[in-house]
$ cat start16.txt   # compact mmCIF, C-alpha atoms
# COMPACT_ATOMS: atom_id res chain seq x y z
CA MET A 17 150.24 94.49 128.00
CA LYS A 18 148.59 97.10 130.24
CA LYS A 19 147.93 99.23 127.17
CA ILE A 20 146.21 96.34 125.38
CA LEU A 21 144.08 95.60 128.48
CA SER A 22 143.09 99.27 128.68
CA ILE A 23 141.98 99.22 125.03
CA ILE A 24 139.98 96.02 125.56
CA MET A 25 138.27 97.50 128.64
CA LEU A 26 137.48 100.68 126.73
CA LEU A 27 135.96 98.68 123.87
CA ALA A 28 133.98 96.56 126.32
CA ALA A 29 132.64 99.68 128.03
CA PHE A 30 131.72 101.19 124.68
CA THR A 31 129.94 98.00 123.58
CA ALA A 32 128.03 97.79 126.87
CA SER A 33 126.84 101.39 126.52
CA ALA A 34 125.88 101.06 122.85
CA GLN A 35 122.14 101.31 122.31
CA THR A 36 120.22 98.61 120.47
CA PRO A 37 117.65 99.65 117.84
CA GLN A 38 114.86 98.50 120.17
CA GLN A 39 116.22 100.65 123.02
CA MET A 40 116.52 103.68 120.76
CA LEU A 41 112.97 103.26 119.47
CA ASP A 42 111.75 102.95 123.08
CA LYS A 43 113.60 106.18 123.93
CA ALA A 44 112.02 107.93 120.93
CA VAL A 45 108.56 106.84 122.13
CA ALA A 46 109.35 107.97 125.70
CA ALA A 47 110.45 111.38 124.36
CA LEU A 48 106.91 111.87 123.05
CA LYS A 49 105.25 111.41 126.45
CA GLY A 50 102.90 114.22 127.38
CA THR A 51 101.59 116.70 124.83
CA VAL A 52 104.10 117.34 122.05
CA SER A 53 103.77 119.52 118.96
CA ALA A 54 106.04 119.68 115.94
CA ASN A 55 106.26 120.86 112.36
CA TYR A 56 106.36 118.18 109.69
CA SER A 57 107.08 117.92 106.00
CA VAL A 58 106.35 115.00 103.69
CA LYS A 59 108.27 114.62 100.44
CA SER A 60 107.28 112.08 97.80
CA THR A 61 107.16 111.67 94.04
CA GLN A 62 103.74 113.33 94.22
CA GLY A 63 105.15 116.51 95.73
CA LYS A 64 105.65 118.06 99.13
CA MET A 65 103.29 118.79 102.01
CA ASN A 66 103.99 120.79 105.17
CA GLY A 67 102.00 121.11 108.35
CA THR A 68 101.86 120.81 112.12
CA ILE A 69 101.13 117.86 114.39
CA VAL A 70 100.13 117.66 118.05
CA ILE A 71 100.40 114.31 119.87
CA ASP A 72 99.12 113.38 123.32
CA GLY A 73 99.41 109.62 123.86
CA THR A 74 97.10 108.00 121.32
CA LYS A 75 95.40 111.31 120.48
CA PHE A 76 96.66 113.55 117.69
CA ARG A 77 95.84 116.46 115.41
CA MET A 78 97.48 117.06 112.02
CA LEU A 79 96.92 120.28 110.08
CA SER A 80 98.12 121.17 106.59
CA SER A 81 96.68 123.17 103.72
CA ASP A 82 95.44 119.98 101.98
CA VAL A 83 94.51 117.64 104.84
CA LYS A 84 93.33 118.17 108.41
CA CYS A 85 92.90 115.28 110.82
CA TRP A 86 91.74 114.96 114.42
CA TYR A 87 91.72 111.79 116.54
CA ASP A 88 90.44 111.77 120.13
CA GLY A 89 91.44 108.19 120.95
CA LYS A 90 88.30 106.68 119.41
CA THR A 91 86.90 108.81 116.57
CA GLN A 92 88.83 110.27 113.65
CA TRP A 93 87.73 113.26 111.57
CA THR A 94 89.61 113.79 108.29
CA TYR A 95 89.14 116.78 106.01
CA SER A 96 90.52 116.57 102.49
CA LYS A 97 90.78 119.58 100.23
CA ALA A 98 90.55 117.20 97.25
CA THR A 99 87.11 115.85 98.26
CA GLU A 100 85.96 119.00 100.09
CA GLU A 101 84.37 116.92 102.85
CA VAL A 102 85.06 115.61 106.33
CA ASN A 103 84.94 111.84 106.81
CA VAL A 104 84.20 110.53 110.30
CA THR A 105 85.57 107.04 111.03
CA THR A 106 86.63 104.68 113.80
CA PRO A 107 90.08 103.75 112.48
CA THR A 108 91.64 100.31 112.85
CA ALA A 109 95.05 99.83 114.46
CA ALA A 110 96.56 99.38 110.97
CA GLU A 111 95.01 102.64 109.76
CA LEU A 112 96.26 104.51 112.84
CA ALA A 113 99.80 103.21 112.22
CA THR A 114 99.89 105.24 108.99
CA THR A 115 98.88 108.53 110.63
CA ASN A 116 99.69 108.49 114.36
CA PRO A 117 103.42 108.41 115.25
CA MET A 118 102.76 106.69 118.58
CA ALA A 119 100.67 103.97 116.92
CA ALA A 120 103.30 103.62 114.20
CA ALA A 121 106.04 103.12 116.80
CA GLN A 122 104.01 100.40 118.54
CA SER A 123 103.40 98.71 115.18
CA PHE A 124 107.12 98.85 114.37
CA LYS A 125 108.00 97.20 117.68
CA LYS A 126 105.48 94.40 117.16
CA ASN A 127 105.43 93.77 113.41
CA PHE A 128 108.90 94.68 112.15
CA ASN A 129 112.43 93.35 112.53
CA MET A 130 114.97 96.10 113.14
CA TRP A 131 118.70 96.65 112.80
CA LYS A 132 121.10 99.50 113.40
CA ALA A 133 121.82 101.07 110.01
CA ALA A 134 124.70 103.13 108.68
CA GLY A 135 123.78 106.71 109.55
CA GLN A 136 123.31 109.19 106.72
CA ILE A 137 122.34 112.12 108.95
CA PRO A 138 125.13 113.34 111.28
CA ASN A 139 124.48 113.01 115.04
CA HIS A 140 121.51 110.70 114.50
CA TYR A 141 121.00 107.01 115.27
CA ALA A 142 119.71 105.17 112.19
CA ILE A 143 117.37 102.18 112.38
CA MET A 144 116.36 100.01 109.43
CA LEU A 145 113.07 98.13 109.73
CA LYS A 146 111.54 95.40 107.57
CA PRO A 147 108.10 93.84 108.10
CA LYS A 148 107.90 90.31 109.51
CA ALA A 149 105.00 89.49 107.16
CA ASN A 150 103.63 90.75 103.85
CA SER A 151 102.94 94.47 104.09
CA ASP A 152 102.35 97.58 102.00
CA ILE A 153 105.58 98.82 103.58
CA LYS A 154 108.75 97.24 102.21
CA GLN A 155 111.35 99.04 104.33
CA VAL A 156 111.63 101.95 106.77
CA TYR A 157 114.62 103.98 107.91
CA LEU A 158 114.24 105.99 111.13
CA TYR A 159 116.71 108.69 112.18
CA ILE A 160 116.61 109.54 115.89
CA SER A 161 118.54 112.48 117.35
CA ASN A 162 121.40 111.36 119.60
CA GLY A 163 120.91 114.42 121.81
CA THR A 164 117.14 114.50 122.33
CA ASN A 165 116.04 110.97 121.32
CA LEU A 166 113.38 112.62 119.14
CA LEU A 167 112.50 111.20 115.74
CA HIS A 168 113.86 113.56 113.09
CA ASN A 169 113.33 111.69 109.84
CA ALA A 170 111.46 108.59 108.60
CA HIS A 171 111.99 107.26 105.08
CA PHE A 172 109.44 104.73 103.78
CA LYS A 173 109.90 102.41 100.80
CA MET A 174 106.59 100.90 99.77
CA ALA A 175 105.87 97.54 98.14
CA ASP A 176 104.46 99.27 95.04
CA GLY A 177 107.83 100.97 94.43
CA SER A 178 106.85 104.39 95.75
CA ALA A 179 108.71 106.15 98.55
CA PHE A 180 108.22 109.11 100.85
CA THR A 181 110.10 110.87 103.61
CA ILE A 182 108.66 112.52 106.72
CA THR A 183 110.78 115.11 108.55
CA LEU A 184 109.83 116.44 112.01
CA THR A 185 111.26 119.68 113.43
CA ASN A 186 110.59 122.36 116.04
CA TYR A 187 109.37 120.03 118.80
CA LYS A 188 107.62 121.73 121.73
CA LYS A 189 105.95 120.44 124.90
CA ALA A 190 102.87 122.24 126.21
CA ALA A 191 99.57 121.12 127.70
CA MET A 192 96.56 121.54 125.41
CA PRO A 193 92.82 121.14 126.00
CA ALA A 194 90.99 117.92 125.02
CA SER A 195 89.16 119.91 122.31
CA THR A 196 92.48 120.07 120.39
CA PHE A 197 91.87 116.48 119.29
CA THR A 198 88.22 116.78 118.21
CA TYR A 199 86.82 118.18 114.97
CA ASP A 200 86.96 121.97 114.71
CA ALA A 201 84.64 123.25 111.97
CA SER A 202 86.31 126.68 112.07
CA LEU A 203 89.44 125.15 110.49
CA VAL A 204 87.67 123.97 107.31
CA PRO A 205 85.71 125.97 104.71
CA ALA A 206 82.20 127.00 105.78
CA GLY A 207 79.53 124.58 104.66
CA THR A 208 81.89 121.59 104.38
CA GLU A 209 79.88 118.36 104.38
CA VAL A 210 80.54 115.94 107.24
CA VAL A 211 80.10 112.29 106.18
CA ASP A 212 79.79 109.75 109.01
CA LEU A 213 81.32 106.45 107.80
CA ARG A 214 81.18 104.65 111.13
$ encode --input "start16.txt" --output "C-alpha cells"
Amino acid sequence: MKKILSIIMLLAAFTASAQTPQQMLDKAVAALKGTVSANYSVKSTQGKMNGTIVIDGTKFRMLSSDVKCWYDGKTQWTYSKATEEVNVTTPTAAELATTNPMAAAQSFKKNFNMWKAAGQIPNHYAIMLKPKANSDIKQVYLYISNGTNLLHNAHFKMADGSAFTITLTNYKKAAMPASTFTYDASLVPAGTEVVDLR
C-alpha cells in the first residue's frame, strides 16, 4: 500500500510540474528579453535561405543574401534582391507576425489554440497550434528547448498547401545600438532605389 501511495504522489508531483503549452510559449518569449541574435534557416519547397536575426523587443533586423529587413518599432525597410529596391512601410500587426518572432508569439497567444504535441526533436517541448478563425496559416508546430526555453524550430503548414520550416541556432545576448534596427544603405548594392510606400 505504501508503495502504491508513493507512486501516486510521484505522479501527482510530475503532473503538477508539467508545463502547459501556454506556459512554455511564455517562457520562450521571456527567453528573448533584451537584445538577442541568432542564425536562422528557412526550408520550403522553393528552396533554402540562411541568415541572421537580431531582436530587441518589437525591433528586429534580418539579413540574408536575398532579403534584408530592418524594423525600428514603427517603420520597416525591406530590401529584396529580386526587385533590387528597398520598400519603406508601416507594417500592420498581421504583417509583423510573419516576420518578427516576438510579434508572432503574441499573435499565437491571442489568435491560436494550442496543445502539447508528440515531440519529434529530442529534448524539446513540442506545441501544436491551430488558428481560431480563418487564416493563411493552417497549422504550426513549435519546438522549444527544454534546457534554455529558446525556440529551436517552427514548422508552418499553410492553407494553400505549402509548408516551410524555420530553424534558429547560435543564440547570443549582447547590447546593440538603436541604429541596428534602422535602414543601413551600406548593406545593399550602391544606387539601390528606396521606395516609400507609407
$ closest_atom_pairs --input "start16.txt" --of "segment 23-85 of chain A" --to "segment 90-96 of chain A" --cutoff "7 Å" --atoms "only C-alpha atoms" --output "CSV"
residue,atom,partner,partner_atom,distance
A:Asp82,CA,A:Ser96,CA,6.0
A:Val83,CA,A:Ser96,CA,4.8
A:Lys84,CA,A:Tyr95,CA,5.0
A:Cys85,CA,A:Thr94,CA,4.4
$ closest_residue --input "start16.txt" --among "A:Phe197, A:Phe180, A:Tyr157, A:Phe172" --to "Met144 of chain A" --atoms "all atoms listed in the file"
A:Tyr157
$ closest_atom_pairs --input "start16.txt" --of "segment 111-210 of chain A" --to "segment 61-77 of chain A" --cutoff "10 Å" --atoms "all atoms listed in the file" --output "CSV"
residue,atom,partner,partner_atom,distance
A:Leu112,CA,A:Thr74,CA,9.2
A:Thr115,CA,A:Phe76,CA,8.9
A:Asn116,CA,A:Phe76,CA,6.8
A:Pro117,CA,A:Ile71,CA,8.1
A:Met118,CA,A:Thr74,CA,6.4
A:Ala119,CA,A:Thr74,CA,7.0
A:Ser178,CA,A:Thr61,CA,7.5
A:Ala179,CA,A:Thr61,CA,7.3
A:Phe180,CA,A:Thr61,CA,7.4
A:Thr181,CA,A:Lys64,CA,9.6
A:Ile182,CA,A:Met65,CA,9.5
A:Thr183,CA,A:Asn66,CA,9.5
A:Leu184,CA,A:Thr68,CA,9.1
A:Thr185,CA,A:Thr68,CA,9.6
A:Asn186,CA,A:Thr68,CA,9.7
A:Tyr187,CA,A:Val70,CA,9.6
A:Lys188,CA,A:Val70,CA,9.3
A:Lys189,CA,A:Val70,CA,9.4
A:Ala190,CA,A:Val70,CA,9.8
A:Ala191,CA,A:Asp72,CA,8.9
A:Met192,CA,A:Asp72,CA,8.8
A:Ala194,CA,A:Lys75,CA,9.2
A:Thr196,CA,A:Arg77,CA,7.0
A:Phe197,CA,A:Arg77,CA,5.6
A:Thr198,CA,A:Arg77,CA,8.1
A:Tyr199,CA,A:Arg77,CA,9.2
$ write_last_selection --input "start16.txt" --atoms "C-alpha atoms" --output "compact mmCIF listing (two decimals), in the frame of the given file"
# COMPACT_ATOMS: atom_id res chain seq x y z
CA LEU A 112 96.26 104.51 112.84
CA THR A 115 98.88 108.53 110.63
CA ASN A 116 99.69 108.49 114.36
CA PRO A 117 103.42 108.41 115.25
CA MET A 118 102.76 106.69 118.58
CA ALA A 119 100.67 103.97 116.92
CA SER A 178 106.85 104.39 95.75
CA ALA A 179 108.71 106.15 98.55
CA PHE A 180 108.22 109.11 100.85
CA THR A 181 110.10 110.87 103.61
CA ILE A 182 108.66 112.52 106.72
CA THR A 183 110.78 115.11 108.55
CA LEU A 184 109.83 116.44 112.01
CA THR A 185 111.26 119.68 113.43
CA ASN A 186 110.59 122.36 116.04
CA TYR A 187 109.37 120.03 118.80
CA LYS A 188 107.62 121.73 121.73
CA LYS A 189 105.95 120.44 124.90
CA ALA A 190 102.87 122.24 126.21
CA ALA A 191 99.57 121.12 127.70
CA MET A 192 96.56 121.54 125.41
CA ALA A 194 90.99 117.92 125.02
CA THR A 196 92.48 120.07 120.39
CA PHE A 197 91.87 116.48 119.29
CA THR A 198 88.22 116.78 118.21
CA TYR A 199 86.82 118.18 114.97
$ atom_distance --input "start16.txt" --atom1 "atom CA of Lys154 of chain A" --atom2 "atom CA of Ser53 of chain A"
28.3 Å
$ residues_around --input "start16.txt" --residues "Ser161 of chain A" --least-positions-apart "3" --cutoff "8 Å" --atoms "all atoms listed in the file" --output "number ranges by chain"
A: 139-141, 164-168
$ atom_distance --input "start16.txt" --atom1 "atom CA of Asn150 of chain A" --atom2 "atom CA of Ala120 of chain A"
16.5 Å
$ closest_residue --input "start16.txt" --among "A:Met40, A:Gln35, A:Ala46, A:Thr106" --to "Tyr159 of chain A" --atoms "all atoms listed in the file"
A:Met40
$ atom_distance --input "start16.txt" --atom1 "atom CA of Ile153 of chain A" --atom2 "atom CA of Asn127 of chain A"
11.1 Å
$ closest_residue --input "start16.txt" --among "A:Val210, A:Ala149, A:Ala170, A:Ala98" --to "Ser81 of chain A" --atoms "all atoms listed in the file"
A:Ala98
$ residues_around --input "start16.txt" --residues "Met130 of chain A" --least-positions-apart "5" --cutoff "12 Å" --atoms "only C-alpha atoms" --output "ChimeraX atom specification"
/A:36-41,121,124-125,142-148,155-158
$ closest_residue --input "start16.txt" --among "A:Ile160, A:Val45, A:Ala206, A:Val104" --to "Ala133 of chain A" --atoms "all atoms listed in the file"
A:Ile160
